[in-house]
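S.K.: Here it is: the structure, laid out below.
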Amino acid sequence: MNSAATATIPSATILGENSTGVEVIFQLLSKEFQQSTKASEQNCHDVARRITTEVYRICHESKRIQASGTVESSAMTLARHRLQQCLRYYQLGSNRGRVELHSTLSAIVYRYINPPQRQLSYQGRLTIIEDFLQSFYLEALNAFRRENQLGATYRPQTLLELSEYMAFTERYGKRRIPLPGRQQQLIILRAQTFSQQQPPETSVDIEQASEGSNNEGDGSWEEPAVHQLRSTMATQAEPEPEEDTLRSVVVTELMNYLEQRQQSDCADYFSLRLQDLSAQEIESVLGLTPRQRDYLQQRFKYHLIRFALLHRWELVHEWLEASLHTNLGLTPQQWQVYTAQLDNKQRSLLELKQQGQADEKIAKTLGLSMAQLQKRWFKILEQAWEIRNSLVSGSGASTHE
């Protein structure tokens, strides 16, 4: 099945299905890929064929779908979902797509990477996560080959194929594995096993993790397909966009903030939110009632605001392009309205902050304690936040916030 596909695909070749629905879905996917990407016609056919095969395999194996009597409708819905996932990574490009995938998976496993008998620092945990995900990407590549009946030497060579692989890797990591009394995501199970297998003295070099091990006997990183995949996903000549780098830092910093304050349930909620799960799905995963989930959501929102407006306000505002140098992200008209709302002491505090003076010096100048200074600064940032996100302002809500 590694060979080139034709412009059409006989419906009987997919799991014995004898349905025009197979041909309809294949043609839909192929046409969408040709219209939305710069990939060759043959490349679009190949990817469309693999997705069509996967869709009908899932529908064939799902007892729920089979019992529903709406196999064709379910297949079409699933195919469109696969299409959108693939195109999303294609539009991001190889580098930004890698950053997005890496950030998403890192957030899911962050709190589960905790080697025994070790108190990892924030940076130490990120290093271990980096090492874990390198091995997980290899596992996902092997699973992709196996499930699509591709050869052992197959590797993504075009941007469309790489997008297909990254979309598959995200879904593969989020697969639900049935356990006694519950279900768990596959990547979390892998992370827990990986974490437990780390010896207490393990020290992972982050450069070695990204470039691959040079140790004798560790042939997995020397495999040409893995080398090619790693090179494609992490093009050294193309620096990571600053926005994506900051997003990754903000996500991991917030996770760390919640862990430090023993808000593990909020960290779990945040991890699930990053996966775009519905309220009902979050309730199912965490075993909560709607009322309990709503309470957890409000508690998470409280900590999120504290993190964004007090604990790491500079990082968050830099990511939102709303730093002090850009008048907290406000337009000239908004800035004029905003500053007019501040009292004299707030206005002085804002001016001193913009001058780059240290908090200790500002507190002394304004005759405030550090606690009073933080409280006033929190209020100043909160007012700007409300103006930026106010529909009345005409600017609309920020996609980040």
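Each chain of the structure tokens is named A, B, ... in the order shown, its residues numbered from 1; ligands are numbered from 1 in display order.
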Near Tyr112 of chain A, within 10 Å and counting only C-alpha atoms, which residues show up once chain neighbours fewer than 6 positions away are dropped, as a compact mmCIF listing (two decimals) with all heavy atoms, in the first residue's frame?

M.R.:
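Result file follows (selection05.txt):
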```txt
# COMPACT_ATOMS: atom_id res chain seq x y z
N ARG A 125 12.11 19.11 34.88
CA ARG A 125 10.96 18.36 34.39
C ARG A 125 10.79 18.57 32.89
O ARG A 125 10.46 17.63 32.15
CB ARG A 125 9.69 18.77 35.13
CG ARG A 125 8.49 17.93 34.76
CD ARG A 125 7.29 18.22 35.63
NE ARG A 125 7.49 17.85 37.02
CZ ARG A 125 6.51 17.74 37.91
NH1 ARG A 125 5.26 17.95 37.53
NH2 ARG A 125 6.77 17.43 39.16
N ILE A 129 10.66 15.68 30.01
CA ILE A 129 9.55 15.64 29.06
C ILE A 129 10.08 15.62 27.63
O ILE A 129 9.58 14.88 26.77
CB ILE A 129 8.60 16.83 29.27
CG1 ILE A 129 7.83 16.67 30.59
CG2 ILE A 129 7.62 16.97 28.11
CD1 ILE A 129 6.97 17.86 30.94
N ILE A 187 -0.90 8.40 26.07
CA ILE A 187 0.34 9.11 26.33
C ILE A 187 0.59 9.29 27.82
O ILE A 187 1.74 9.32 28.28
CB ILE A 187 0.35 10.49 25.61
CG1 ILE A 187 1.78 11.05 25.59
CG2 ILE A 187 -0.63 11.46 26.24
CD1 ILE A 187 1.93 12.29 24.74
N ILE A 188 -0.47 9.38 28.62
CA ILE A 188 -0.29 9.49 30.07
C ILE A 188 0.24 8.18 30.64
O ILE A 188 1.13 8.16 31.50
CB ILE A 188 -1.62 9.88 30.75
CG1 ILE A 188 -1.98 11.33 30.38
CG2 ILE A 188 -1.54 9.72 32.26
CD1 ILE A 188 -3.30 11.80 30.94
N LEU A 189 -0.28 7.07 30.15
CA LEU A 189 0.22 5.76 30.58
C LEU A 189 1.69 5.61 30.21
O LEU A 189 2.50 5.11 31.00
CB LEU A 189 -0.61 4.64 29.96
CG LEU A 189 -2.08 4.58 30.36
CD1 LEU A 189 -2.79 3.46 29.60
CD2 LEU A 189 -2.21 4.35 31.87
N ARG A 190 2.04 6.03 29.00
CA ARG A 190 3.44 5.95 28.57
C ARG A 190 4.32 6.85 29.43
O ARG A 190 5.44 6.48 29.80
CB ARG A 190 3.56 6.37 27.11
CG ARG A 190 2.87 5.45 26.12
CD ARG A 190 3.63 4.14 25.97
NE ARG A 190 3.10 3.37 24.85
CZ ARG A 190 2.11 2.49 24.97
NH1 ARG A 190 1.55 2.25 26.15
NH2 ARG A 190 1.66 1.83 23.91
N ALA A 191 3.83 8.04 29.75
CA ALA A 191 4.60 8.98 30.56
C ALA A 191 4.83 8.44 31.97
O ALA A 191 5.92 8.57 32.54
CB ALA A 191 3.89 10.34 30.62
N GLN A 192 3.80 7.83 32.55
CA GLN A 192 3.94 7.27 33.89
C GLN A 192 4.95 6.13 33.90
O GLN A 192 5.78 6.03 34.82
CB GLN A 192 2.57 6.79 34.37
CG GLN A 192 1.60 7.91 34.67
CD GLN A 192 0.20 7.42 34.99
OE1 GLN A 192 -0.25 6.40 34.45
NE2 GLN A 192 -0.50 8.12 35.86
N THR A 193 4.89 5.27 32.89
CA THR A 193 5.85 4.17 32.80
C THR A 193 7.26 4.70 32.59
O THR A 193 8.21 4.26 33.26
CB THR A 193 5.49 3.23 31.62
OG1 THR A 193 4.18 2.72 31.82
CG2 THR A 193 6.47 2.09 31.51
N PHE A 194 7.41 5.66 31.71
CA PHE A 194 8.71 6.26 31.44
C PHE A 194 9.29 6.89 32.71
O PHE A 194 10.47 6.75 33.02
CB PHE A 194 8.57 7.32 30.35
CG PHE A 194 9.85 8.04 29.99
CD1 PHE A 194 10.70 7.51 29.04
CD2 PHE A 194 10.19 9.24 30.60
CE1 PHE A 194 11.88 8.17 28.70
CE2 PHE A 194 11.35 9.89 30.28
CZ PHE A 194 12.21 9.36 29.32
N SER A 195 8.43 7.59 33.44
CA SER A 195 8.86 8.26 34.66
C SER A 195 9.34 7.27 35.70
O SER A 195 10.37 7.47 36.35
CB SER A 195 7.71 9.10 35.21
OG SER A 195 8.12 9.85 36.33
N GLN A 196 8.60 6.17 35.86
CA GLN A 196 8.97 5.17 36.86
C GLN A 196 10.27 4.45 36.49
O GLN A 196 10.98 3.96 37.38
CB GLN A 196 7.85 4.14 37.00
CG GLN A 196 6.58 4.69 37.64
CD GLN A 196 6.82 5.21 39.05
OE1 GLN A 196 7.50 4.56 39.85
NE2 GLN A 196 6.26 6.36 39.36
```

S.K.: I'd like the contact shell of Leu274 of chain A - 8 Å cut-off, only C-alpha atoms, skipping same-chain residues fewer than 4 positions apart - returned as a PDB file with all heavy atoms, in the first residue's frame.

M.R.:
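Okay, this is what ended up in result_3.pdb:
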```
ATOM      1  N   THR A 104       1.215  20.848  23.018  1.00  0.00           N
ATOM      2  CA  THR A 104      -0.013  20.146  23.406  1.00  0.00           C
ATOM      3  C   THR A 104       0.296  18.890  24.207  1.00  0.00           C
ATOM      4  O   THR A 104      -0.266  18.657  25.285  1.00  0.00           O
ATOM      5  CB  THR A 104      -0.837  19.768  22.160  1.00  0.00           C
ATOM      6  OG1 THR A 104      -1.218  20.975  21.473  1.00  0.00           O
ATOM      7  CG2 THR A 104      -2.092  18.992  22.548  1.00  0.00           C
ATOM      8  N   ALA A 107       1.884  19.592  27.722  1.00  0.00           N
ATOM      9  CA  ALA A 107       0.905  20.011  28.725  1.00  0.00           C
ATOM     10  C   ALA A 107       0.141  18.815  29.289  1.00  0.00           C
ATOM     11  O   ALA A 107      -0.181  18.777  30.480  1.00  0.00           O
ATOM     12  CB  ALA A 107      -0.068  21.014  28.117  1.00  0.00           C
ATOM     13  N   PHE A 270      -6.962  22.089  33.394  1.00  0.00           N
ATOM     14  CA  PHE A 270      -6.271  22.871  32.375  1.00  0.00           C
ATOM     15  C   PHE A 270      -5.756  21.974  31.254  1.00  0.00           C
ATOM     16  O   PHE A 270      -5.881  22.296  30.062  1.00  0.00           O
ATOM     17  CB  PHE A 270      -5.111  23.631  33.011  1.00  0.00           C
ATOM     18  CG  PHE A 270      -4.319  24.471  32.048  1.00  0.00           C
ATOM     19  CD1 PHE A 270      -4.941  25.260  31.104  1.00  0.00           C
ATOM     20  CD2 PHE A 270      -2.935  24.471  32.098  1.00  0.00           C
ATOM     21  CE1 PHE A 270      -4.201  26.043  30.226  1.00  0.00           C
ATOM     22  CE2 PHE A 270      -2.193  25.243  31.219  1.00  0.00           C
ATOM     23  CZ  PHE A 270      -2.825  26.031  30.280  1.00  0.00           C
TER      24      PHE A 270
END
```

S.K.: Mind pulling up the distance from atom CA of Leu28 of chain A to atom CA of Arg155 of chain A?

M.R.: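 It comes out at 24.9 Å.
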
S.K.: Excluding Lys379 of chain A and its own-chain neighbours fewer than 2 positions away, which residues fall within 12 Å of it when counting only C-alpha atoms? Please give them as a PyMOL selection string.

M.R.: chain A and resi 305-306+309-310+341-343+346-347+349-350+372-377+381-386
